[in-house]
Structures are given as C-alpha cells and as structure tokens.
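Asks: Input structure: target-v1.cif, which contains mmCIF, C-alpha atoms.
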```cif
data_start
loop_
_atom_site.label_atom_id
_atom_site.label_comp_id
_atom_site.auth_asym_id
_atom_site.auth_seq_id
_atom_site.Cartn_x
_atom_site.Cartn_y
_atom_site.Cartn_z
CA MET A 1 29.36 -62.42 -63.71
CA ALA A 2 32.86 -63.31 -62.52
CA ALA A 3 34.42 -60.61 -64.71
CA ALA A 4 31.99 -58.02 -63.39
CA VAL A 5 32.72 -58.89 -59.79
CA LEU A 6 36.47 -58.86 -60.42
CA GLY A 7 36.13 -55.45 -62.04
CA ARG A 8 34.27 -54.09 -59.04
CA ALA A 9 36.90 -55.54 -56.72
CA ALA A 10 39.68 -53.88 -58.71
CA GLY A 11 37.85 -50.55 -58.72
CA LEU A 12 37.52 -50.63 -54.94
CA GLY A 13 41.14 -51.59 -54.42
CA LEU A 14 40.31 -55.04 -53.10
CA GLY A 15 42.80 -57.86 -53.24
CA LEU A 16 41.55 -61.06 -54.83
CA LEU A 17 43.62 -64.24 -54.90
CA THR A 18 42.68 -67.09 -57.20
CA ALA A 19 43.19 -70.80 -56.67
CA ALA A 20 46.69 -70.50 -58.11
CA GLY A 21 47.59 -68.13 -55.27
CA GLY A 22 46.99 -70.82 -52.71
CA ARG A 23 44.59 -68.74 -50.58
CA ARG A 24 40.90 -68.06 -50.84
CA LEU A 25 40.61 -64.65 -49.34
CA LEU A 26 39.08 -61.31 -50.19
CA ARG A 27 39.94 -58.16 -48.32
CA CYS A 28 37.26 -55.53 -47.98
CA GLY A 29 39.26 -52.59 -46.75
CA PRO A 30 42.65 -52.98 -45.05
CA GLY A 31 42.94 -56.02 -42.84
CA GLN A 32 39.34 -57.27 -43.03
CA ALA A 33 39.22 -60.81 -44.35
CA LEU A 34 36.03 -61.82 -46.08
CA ARG A 35 35.30 -65.47 -46.32
CA GLU A 36 32.86 -67.13 -48.68
CA LEU A 37 35.26 -67.09 -51.61
CA ARG A 38 35.01 -70.28 -53.58
CA GLU A 39 36.69 -71.47 -56.73
CA ARG A 40 34.82 -72.30 -59.88
CA GLY A 41 36.91 -73.70 -62.70
CA PRO A 42 40.66 -74.29 -62.86
CA GLY A 43 42.71 -71.32 -61.69
CA THR A 44 39.72 -68.98 -61.51
CA GLY A 45 38.42 -67.38 -58.32
CA THR A 46 34.77 -66.42 -58.20
CA LEU A 47 32.88 -64.73 -55.41
CA LEU A 48 29.86 -66.52 -54.01
CA GLY A 49 27.66 -65.70 -51.07
CA GLY A 50 25.87 -62.66 -49.65
CA ALA A 51 28.81 -61.60 -47.50
CA ALA A 52 30.96 -60.95 -50.57
CA GLU A 53 28.29 -58.76 -52.17
CA ARG A 54 27.73 -56.86 -48.93
CA CYS A 55 31.44 -56.21 -48.65
CA LEU A 56 31.70 -54.94 -52.21
CA SER A 57 28.56 -52.84 -51.96
CA ARG A 58 29.63 -50.93 -48.88
CA GLY A 59 33.30 -50.60 -49.89
CA ILE A 60 34.31 -49.66 -46.36
CA SER A 61 35.68 -51.47 -43.35
CA SER A 62 35.63 -50.96 -39.61
CA ASP A 63 39.43 -51.02 -39.88
CA GLN A 64 39.16 -47.55 -41.43
CA ARG A 65 37.53 -46.23 -38.25
CA PRO A 66 39.84 -43.86 -36.32
CA LYS A 67 41.70 -45.59 -33.50
CA ARG A 68 41.00 -44.61 -29.92
CA PRO A 69 43.89 -42.64 -28.34
CA LEU A 70 46.18 -44.25 -25.80
CA THR A 71 45.62 -43.69 -22.11
CA ALA A 72 48.10 -41.62 -20.12
CA TYR A 73 49.45 -44.78 -18.47
CA LEU A 74 50.09 -46.57 -21.78
CA ARG A 75 51.93 -43.52 -23.08
CA PHE A 76 54.15 -43.66 -20.00
CA VAL A 77 54.81 -47.38 -20.53
CA ILE A 78 55.75 -46.91 -24.20
CA ASP A 79 58.08 -44.03 -23.38
CA ASN A 80 59.84 -45.74 -20.46
CA ARG A 81 59.81 -49.44 -21.32
CA PRO A 82 63.10 -49.37 -23.34
CA ALA A 83 64.98 -47.71 -20.46
CA PHE A 84 63.51 -50.12 -17.91
CA ARG A 85 64.39 -53.08 -20.14
CA GLU A 86 67.98 -51.84 -20.52
CA LYS A 87 68.36 -51.55 -16.74
CA ASN A 88 66.75 -54.96 -16.13
CA PRO A 89 67.79 -57.23 -19.03
CA GLY A 90 67.02 -60.49 -17.21
CA MET A 91 63.54 -59.46 -16.10
CA SER A 92 60.49 -61.19 -17.60
CA ASN A 93 57.84 -59.17 -19.42
CA LEU A 94 55.36 -59.65 -16.58
CA GLU A 95 57.86 -58.46 -13.99
CA LEU A 96 58.78 -55.52 -16.19
CA ILE A 97 55.15 -54.44 -16.53
CA LYS A 98 54.71 -54.69 -12.76
CA LYS A 99 57.77 -52.52 -12.28
CA LEU A 100 56.45 -49.94 -14.76
CA ALA A 101 53.05 -49.95 -13.04
CA GLY A 102 54.74 -49.25 -9.72
CA ALA A 103 56.78 -46.42 -11.27
CA TRP A 104 53.61 -44.88 -12.72
CA LYS A 105 51.88 -45.09 -9.35
CA GLU A 106 54.77 -43.23 -7.68
CA LEU A 107 55.13 -40.65 -10.48
CA PRO A 108 54.52 -37.08 -9.25
CA ALA A 109 51.26 -35.47 -10.35
CA SER A 110 53.12 -32.78 -12.29
CA GLN A 111 54.81 -35.41 -14.48
CA LYS A 112 51.60 -37.39 -14.93
CA GLN A 113 49.95 -34.20 -16.14
CA VAL A 114 52.19 -34.18 -19.23
CA TYR A 115 50.80 -37.55 -20.31
CA GLU A 116 47.25 -36.52 -19.44
CA GLU A 117 47.48 -33.40 -21.60
CA ALA A 118 48.85 -35.42 -24.54
CA LYS A 119 45.94 -37.84 -24.14
CA ASN A 120 43.38 -35.00 -24.05
CA THR A 121 44.86 -33.44 -27.20
CA ASP A 122 44.63 -36.74 -29.05
CA TRP A 123 41.07 -37.30 -27.82
CA LYS A 124 40.04 -33.97 -29.33
CA LYS A 125 41.54 -35.00 -32.69
CA TYR A 126 39.91 -38.40 -32.38
CA GLY A 127 36.48 -36.82 -31.91
CA GLU A 128 36.90 -34.76 -35.07
CA GLN A 129 38.14 -37.74 -37.10
CA LEU A 130 35.35 -39.98 -35.82
CA ALA A 131 32.70 -37.41 -36.76
CA ALA A 132 34.16 -37.15 -40.28
CA TYR A 133 34.28 -40.94 -40.58
CA LYS A 134 30.64 -41.35 -39.56
CA ALA A 135 29.51 -38.53 -41.85
CA GLN A 136 30.68 -40.42 -44.95
CA LEU A 137 28.69 -43.55 -44.09
CA THR A 138 25.36 -44.35 -45.66
CA PRO A 139 22.64 -45.75 -43.34
CA ALA A 140 23.29 -49.24 -44.76
CA GLN A 141 27.04 -48.94 -44.16
CA ALA A 142 26.50 -47.65 -40.61
CA ALA A 143 24.14 -50.56 -39.85
CA ALA A 144 26.56 -53.11 -41.33
CA LEU A 145 29.51 -51.76 -39.33
CA LYS A 146 27.42 -51.64 -36.15
CA GLU A 147 26.50 -55.30 -36.59
CA GLU A 148 30.14 -56.16 -37.32
CA ARG A 149 31.22 -54.43 -34.11
CA ARG A 150 28.48 -56.15 -32.10
CA LYS A 151 29.67 -59.57 -33.26
CA LEU A 152 33.28 -58.66 -32.51
CA LEU A 153 32.46 -57.55 -28.96
CA ALA A 154 30.36 -60.68 -28.40
CA LYS A 155 33.27 -62.84 -29.55
CA ARG A 156 35.65 -61.01 -27.22
CA ARG A 157 33.29 -61.50 -24.28
CA SER A 158 33.00 -65.18 -25.09
CA LEU A 159 36.79 -65.59 -25.27
CA ARG A 160 37.25 -63.76 -21.96
CA ALA A 161 34.63 -65.97 -20.31
CA LYS A 162 36.29 -69.15 -21.64
CA ARG A 163 39.71 -67.92 -20.51
CA GLU A 164 38.37 -67.17 -17.04
CA LEU A 165 36.77 -70.61 -16.72
CA SER A 166 40.01 -72.21 -17.84
CA LEU A 167 41.98 -70.29 -15.20
CA LEU A 168 39.43 -71.33 -12.57
CA GLY A 169 39.96 -74.96 -13.54
CA LYS A 170 36.48 -75.80 -14.79
CA PRO A 171 36.32 -79.51 -15.71
CA LYS A 172 36.19 -80.45 -19.37
CA ARG A 173 32.83 -81.57 -20.66
CA ALA A 174 32.08 -85.26 -20.97
CA ARG A 175 32.78 -86.74 -24.38
CA THR A 176 30.22 -88.62 -26.45
CA GLY A 177 30.80 -92.10 -27.83
CA PHE A 178 31.43 -90.63 -31.27
CA ASN A 179 33.95 -88.14 -29.85
CA ILE A 180 35.93 -90.98 -28.30
CA PHE A 181 35.75 -93.01 -31.53
CA LEU A 182 36.90 -89.95 -33.47
CA SER A 183 39.90 -89.25 -31.23
CA GLU A 184 41.06 -92.87 -31.40
CA ASN A 185 40.84 -93.18 -35.17
CA TYR A 186 41.49 -89.67 -36.52
CA GLN A 187 45.26 -89.98 -37.00
CA GLU A 188 45.04 -93.32 -38.81
CA SER A 189 42.13 -92.25 -40.99
CA GLU A 190 42.89 -91.51 -44.61
CA GLY A 191 41.74 -88.23 -46.08
CA ILE A 192 42.96 -85.31 -48.11
CA SER A 193 41.67 -82.78 -45.59
CA PRO A 194 40.39 -82.63 -41.99
CA VAL A 195 36.84 -82.25 -43.30
CA ALA A 196 37.21 -85.34 -45.47
CA LYS A 197 38.55 -87.30 -42.49
CA MET A 198 35.65 -86.20 -40.33
CA LYS A 199 33.12 -87.17 -42.97
CA LYS A 200 34.71 -90.58 -43.48
CA LEU A 201 34.78 -91.32 -39.76
CA PHE A 202 31.21 -90.12 -39.31
CA ASP A 203 30.05 -92.44 -42.08
CA ALA A 204 31.97 -95.30 -40.48
CA TRP A 205 30.33 -94.57 -37.11
CA GLN A 206 26.89 -94.55 -38.69
CA LYS A 207 27.50 -97.99 -40.23
CA MET A 208 28.73 -99.57 -37.00
CA SER A 209 26.47 -102.08 -35.28
CA PRO A 210 25.20 -101.46 -31.71
CA SER A 211 27.63 -104.08 -30.37
CA GLN A 212 30.56 -102.31 -32.07
CA LYS A 213 29.49 -98.96 -30.63
CA GLN A 214 28.94 -100.33 -27.13
CA PRO A 215 32.58 -99.99 -25.88
CA TYR A 216 32.65 -96.32 -26.92
CA LEU A 217 29.24 -95.65 -25.40
CA GLN A 218 30.36 -97.26 -22.13
CA LEU A 219 33.47 -95.06 -22.07
CA ALA A 220 31.26 -92.05 -22.71
CA GLN A 221 29.03 -93.03 -19.79
CA ASP A 222 32.08 -93.38 -17.52
CA ASP A 223 33.30 -89.96 -18.68
CA LYS A 224 29.89 -88.48 -17.89
CA VAL A 225 30.16 -89.77 -14.32
CA ARG A 226 33.66 -88.30 -14.10
CA TYR A 227 32.39 -84.93 -15.34
CA GLU A 228 29.48 -84.79 -12.90
CA ASN A 229 31.72 -85.63 -9.92
CA GLU A 230 34.34 -83.07 -10.90
CA MET A 231 31.67 -80.43 -11.55
CA LYS A 232 30.15 -80.92 -8.10
CA SER A 233 33.54 -80.38 -6.46
CA TRP A 234 34.30 -77.39 -8.70
CA GLU A 235 30.92 -75.75 -8.05
CA THR A 236 31.39 -76.17 -4.31
CA LYS A 237 34.71 -74.37 -4.65
CA MET A 238 33.12 -71.59 -6.73
CA ILE A 239 30.44 -71.04 -4.07
CA GLN A 240 33.17 -70.72 -1.44
CA LEU A 241 34.87 -68.12 -3.66
CA GLY A 242 31.64 -66.17 -4.03
CA ARG A 243 31.17 -67.08 -7.70
CA GLU A 244 27.65 -68.46 -7.55
CA ASP A 245 27.12 -67.00 -11.03
CA LEU A 246 29.22 -69.85 -12.44
CA VAL A 247 27.22 -72.59 -10.74
CA ARG A 248 24.59 -74.44 -12.74
CA SER A 249 20.97 -73.82 -11.89
CA THR A 250 19.63 -76.12 -9.18
CA LYS A 251 16.11 -75.90 -10.60
CA LYS A 252 15.44 -79.14 -12.37
CA ARG A 253 12.30 -79.99 -14.25
CA VAL A 254 10.64 -82.98 -12.64
CA ARG A 255 9.39 -85.29 -15.36
CA LYS A 256 5.97 -86.67 -14.61
CA LYS A 257 5.50 -90.40 -14.89
CA PRO A 258 3.28 -91.61 -17.74
CA ALA A 259 0.76 -93.05 -15.24
CA GLU A 260 0.49 -89.73 -13.39
CA THR A 261 0.07 -87.84 -16.66
CA ALA A 262 -2.69 -90.20 -17.82
CA GLN A 263 -4.49 -89.95 -14.46
CA LYS A 264 -4.35 -86.15 -14.57
CA ALA A 265 -5.74 -86.12 -18.10
CA ALA A 266 -8.57 -88.45 -17.09
CA THR A 267 -9.42 -86.25 -14.10
CA ALA A 268 -9.53 -83.18 -16.30
CA LYS A 269 -11.88 -84.87 -18.78
CA ALA A 270 -14.21 -86.31 -16.11
CA PRO A 271 -17.14 -83.95 -15.23
CA SER A 272 -17.24 -82.56 -11.71
CA ASP A 273 -19.92 -83.49 -9.14
CA GLY A 274 -21.81 -80.29 -9.85
CA LYS A 275 -21.93 -81.00 -13.55
CA LYS A 276 -23.03 -84.59 -12.89
CA ALA A 277 -25.93 -83.31 -10.78
CA LYS A 278 -27.03 -80.88 -13.49
CA LEU A 279 -26.88 -83.58 -16.15
CA LYS A 280 -28.95 -85.95 -14.01
CA LYS A 281 -31.55 -83.25 -13.31
CA SER A 282 -31.88 -82.33 -16.96
CA GLU A 283 -32.39 -86.00 -17.88
CA GLU A 284 -35.24 -86.23 -15.37
#
```
Take the structure in the file and give it back as structure tokens.

Replies:
Amino acid sequence: MAAAVLGRAAGLGLGLLTAAGGRRLLRCGPGQALRELRERGPGTGTLLGGAAERCLSRGISSDQRPKRPLTAYLRFVIDNRPAFREKNPGMSNLELIKKLAGAWKELPASQKQVYEEAKNTDWKKYGEQLAAYKAQLTPAQAAALKEERRKLLAKRRSLRAKRELSLLGKPKRARTGFNIFLSENYQESEGISPVAKMKKLFDAWQKMSPSQKQPYLQLAQDDKVRYENEMKSWETKMIQLGREDLVRSTKKRVRKKPAETAQKAATAKAPSDGKKAKLKKSEE
C-alpha cells in the first residue's frame, strides 16, 4: 500500500518527506501543504487519512489557478516605490505608502490612464487563462477547489474579525480553573512535546481533590467578574461608537423555578371546569 501511494505521489510530481527528513508534509501542487501524513515504521513515511487520498486523486491545487491582475493603483505603487524610497530614506513604510497614495490621488487622469489600460489588458488575459483552467477540471475537482476556497475565505474573515476586535480593545475572555492551573505549571512540567505536557497536566488536574482545585476555581471566578465588568464598559463604548453589532444580545432566557414548572405541569394535567362537568354528567 505504501509503495503504491509513493508511486502515485512520484507520478504526480508530489514531494514526500519521510521521518528522516524531519518534516511530515505532502505537497499537492505547488505550495499547498497537506497534513495527515503519519509515520509507520522507522524511517518510512506512509500516507493516512482521506485528505491525502483526495489530494492525490485530484492532482491539482488552487495554487495553479491564474492570479488576479493588479489594480491600477498597485501598479503605480510598484513602479514608483523605489524612487520614493530613495528620496525619503528615513521614512517608515506606513508613511511611504501614505505619500504614494497622495501622489496617486494627485496624478493627472492622462497618466492614470496608462495604468488603467495595462490593468484592462491583463484582465483580458486573466479571463482567458481562468476559462482554460476551469475547463480542465472534473466536477469532483471543481467541487473540491470550491470547498477549499470557501474555507480559506472563512478563515480570512475570522482573522479580520479577531484583528478588528483586538484593535478595538475587546477584553480577554475569563479563564477557567484548569486554564490557570495550566499556565502556572506548564513551564515546569516534563514532556517531550507540548501535546505530552498538556496530557500530563490534564491527567494531574483530573486527579486533584476538590480542596486542591478550590484556589484555581476561586481565581477563575474572580477573573469571570473582571471579564463581565470590563465587557460592560467596552460594550457601552461600542454603542457610543455606533457598533451595536459587537454588543452581546440582551435577550436572556429566564429559567423557570422548579416549583413553577411543577405547578404548570399540574395545571396542564388537571381537567378544566367544562370537562369536570361533562364527566360528572356522564357518571349520573
């Protein structure tokens, strides 16, 4: 099985590194790393998992998709950045980009047109290349690449959202008792890998008595109070900035008391007055 998979990898031009290479990585097309490569036996790399088979079966990567052409503005930046840098050697990258943006804004329309025409020419070529790229895909390959792109875009949106929340100063979530225990003991814990350390500390936490856990649980409770107070202040600030979309929902589910629940159930089971009258009449 391993020889067959290795042969298929070689036929598709895929790079496979064994345990001796120090990395467990398979590339399906240029630049696309495929995980799920595990070692079986000394110095032998074997492919396990559905992702590896999917990669080998389609033999194509989204990295082979034609790249979108540059905008007219980016072409201007690439062409003029070296000259601007030479004239302003002590300027930071951010200041340099601002200066280039201002120069582009003030550029005459006739000069901007040169960059626009270059962009339009490249877009025409891009359309032809993209059509040829899609034509060679099987339905399974097209579906796999579409799913890959969907996940990539979702990851990018998630990273942008996290970055925005960080810039807005959103408070860090409250830590659990185990999180606090982990942070205090991780460095001193023995283990050949981070995963081994985590497992060892988790086992130690599970074996601790309630009295031993209590200090960590109390710290976690204090941190929860800290988080709630900071979140209230932060959400008030977000509302003032017009970012109500970042505020937690104010709708809270009201938990019914056990007595109220029991009383409601009893009321539902009890026959109504009309039913009582009918029952009494039928008995007569």

Asks: Could you tell me which of A:Arg160, A:Lys67, A:Lys197, A:Lys155 comes closest to Lys125 (chain A) if we count only C-alpha atoms?

Replies: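 When distances to Lys125 (chain A) are compared using only C-alpha atoms, the smallest one comes from A:Lys67.
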
Asks: Any idea what's packed within 12 Å of Arg173 (chain A), counting all atoms listed in the file, ignoring anything in its chain fewer than 2 positions away? Could you give it as a list in words?

Replies: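 Once the adjacent positions are removed, what remains is Lys170, Pro171, Arg175, Thr176, Asn179, Ala220, Asp223, Lys224, Val225, Arg226, Tyr227, Glu228, Asn229, Glu230 and Met231 of chain A.
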
Asks: For C-alpha atoms, I'd like the residues from the last selection saved as a CSV table (one decimal), in the coordinates of the input.

Replies:
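Final file, selection.csv:
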```csv
chain,number,residue,atom,x,y,z
A,170,LYS,CA,36.5,-75.8,-14.8
A,171,PRO,CA,36.3,-79.5,-15.7
A,175,ARG,CA,32.8,-86.7,-24.4
A,176,THR,CA,30.2,-88.6,-26.4
A,179,ASN,CA,34.0,-88.1,-29.8
A,220,ALA,CA,31.3,-92.0,-22.7
A,223,ASP,CA,33.3,-90.0,-18.7
A,224,LYS,CA,29.9,-88.5,-17.9
A,225,VAL,CA,30.2,-89.8,-14.3
A,226,ARG,CA,33.7,-88.3,-14.1
A,227,TYR,CA,32.4,-84.9,-15.3
A,228,GLU,CA,29.5,-84.8,-12.9
A,229,ASN,CA,31.7,-85.6,-9.9
A,230,GLU,CA,34.3,-83.1,-10.9
A,231,MET,CA,31.7,-80.4,-11.6
```

Asks: Once you add 6 Å to each side, what are the centre and edge lengths of the axis-aligned box holding all listed atoms of region 213-222 of chain A? One decimal in Å, as lines of an AutoDock Vina configuration file, if you can.

Replies:
```
center_x = 31.2
center_y = -96.2
center_z = -24.1
size_x = 16.5
size_y = 20.3
size_z = 25.1
```

Asks: Check the smallest atom-to-atom distance from each of A:Gln187, A:Thr236, A:Ser193, A:Thr71 to Lys112 (chain A) using all atoms listed in the file, then report the winner.

Replies: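 Closest candidate: A:Thr71.
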
Asks: What's the 12 Å shell around Leu165 (chain A), counting all atoms listed in the file, without same-chain residues fewer than 3 positions away, as a PyMOL selection string?

Replies: chain A and resi 158-162+168-172+234-235+238+243+245-247

Asks: So that I can check the surroundings of Arg81 (chain A), please list as number ranges by chain every protein, DNA and RNA residue that reaches within 12 Å of it, counting all atoms listed in the file and ignoring chain neighbours fewer than 2 positions away.

Replies: A: 73-79, 83-89, 91, 93, 95-101, 103-104

Asks: Quick one: write out the picked residues with C-alpha atoms as an mmCIF file, in the coordinates of the input?

Replies:
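As a result, again39.cif now contains:
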```cif
data_model
loop_
_atom_site.group_PDB
_atom_site.id
_atom_site.type_symbol
_atom_site.label_atom_id
_atom_site.label_comp_id
_atom_site.auth_asym_id
_atom_site.auth_seq_id
_atom_site.Cartn_x
_atom_site.Cartn_y
_atom_site.Cartn_z
ATOM 1 C CA TYR A 73 49.450 -44.780 -18.470
ATOM 2 C CA LEU A 74 50.090 -46.570 -21.780
ATOM 3 C CA ARG A 75 51.930 -43.520 -23.080
ATOM 4 C CA PHE A 76 54.150 -43.660 -20.000
ATOM 5 C CA VAL A 77 54.810 -47.380 -20.530
ATOM 6 C CA ILE A 78 55.750 -46.910 -24.200
ATOM 7 C CA ASP A 79 58.080 -44.030 -23.380
ATOM 8 C CA ALA A 83 64.980 -47.710 -20.460
ATOM 9 C CA PHE A 84 63.510 -50.120 -17.910
ATOM 10 C CA ARG A 85 64.390 -53.080 -20.140
ATOM 11 C CA GLU A 86 67.980 -51.840 -20.520
ATOM 12 C CA LYS A 87 68.360 -51.550 -16.740
ATOM 13 C CA ASN A 88 66.750 -54.960 -16.130
ATOM 14 C CA PRO A 89 67.790 -57.230 -19.030
ATOM 15 C CA MET A 91 63.540 -59.460 -16.100
ATOM 16 C CA ASN A 93 57.840 -59.170 -19.420
ATOM 17 C CA GLU A 95 57.860 -58.460 -13.990
ATOM 18 C CA LEU A 96 58.780 -55.520 -16.190
ATOM 19 C CA ILE A 97 55.150 -54.440 -16.530
ATOM 20 C CA LYS A 98 54.710 -54.690 -12.760
ATOM 21 C CA LYS A 99 57.770 -52.520 -12.280
ATOM 22 C CA LEU A 100 56.450 -49.940 -14.760
ATOM 23 C CA ALA A 101 53.050 -49.950 -13.040
ATOM 24 C CA ALA A 103 56.780 -46.420 -11.270
ATOM 25 C CA TRP A 104 53.610 -44.880 -12.720
#
```

Asks: For CA of Tyr126 (chain A) and CA of Pro69 (chain A), determine how far apart the two atoms are, in Å to one decimal place.

Replies: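 Interatomic distance, CA of Tyr126 (chain A) to CA of Pro69 (chain A): 7.1 Å.
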
Asks: One decimal, Å: what's the distance from CA of Gln136 (chain A) over to CA of Leu70 (chain A), could you say?

Replies: 24.9 Å

Asks: Of the residues A:Arg157, A:Lys105, A:Lys119, A:Arg163, which is the one nearest to Arg68 (chain A), using all atoms listed in the file?

Replies: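 Looking at the shortest contact to Arg68 (chain A), the residue is A:Lys119.
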
Asks: If I take CA of Phe181 (chain A) and CA of Trp205 (chain A), how far is one from the other in Å, to one decimal?

Replies: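 Going from CA of Phe181 (chain A) over to CA of Trp205 (chain A), I get 7.9 Å.
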
Asks: Which one of A:Ala154, A:Leu130, A:Ala143, A:Ile180 sits closest to Asp222 (chain A) if you count all atoms listed in the file?

Replies: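 Residue with the minimum atom-to-atom distance to Asp222 (chain A): A:Ile180.
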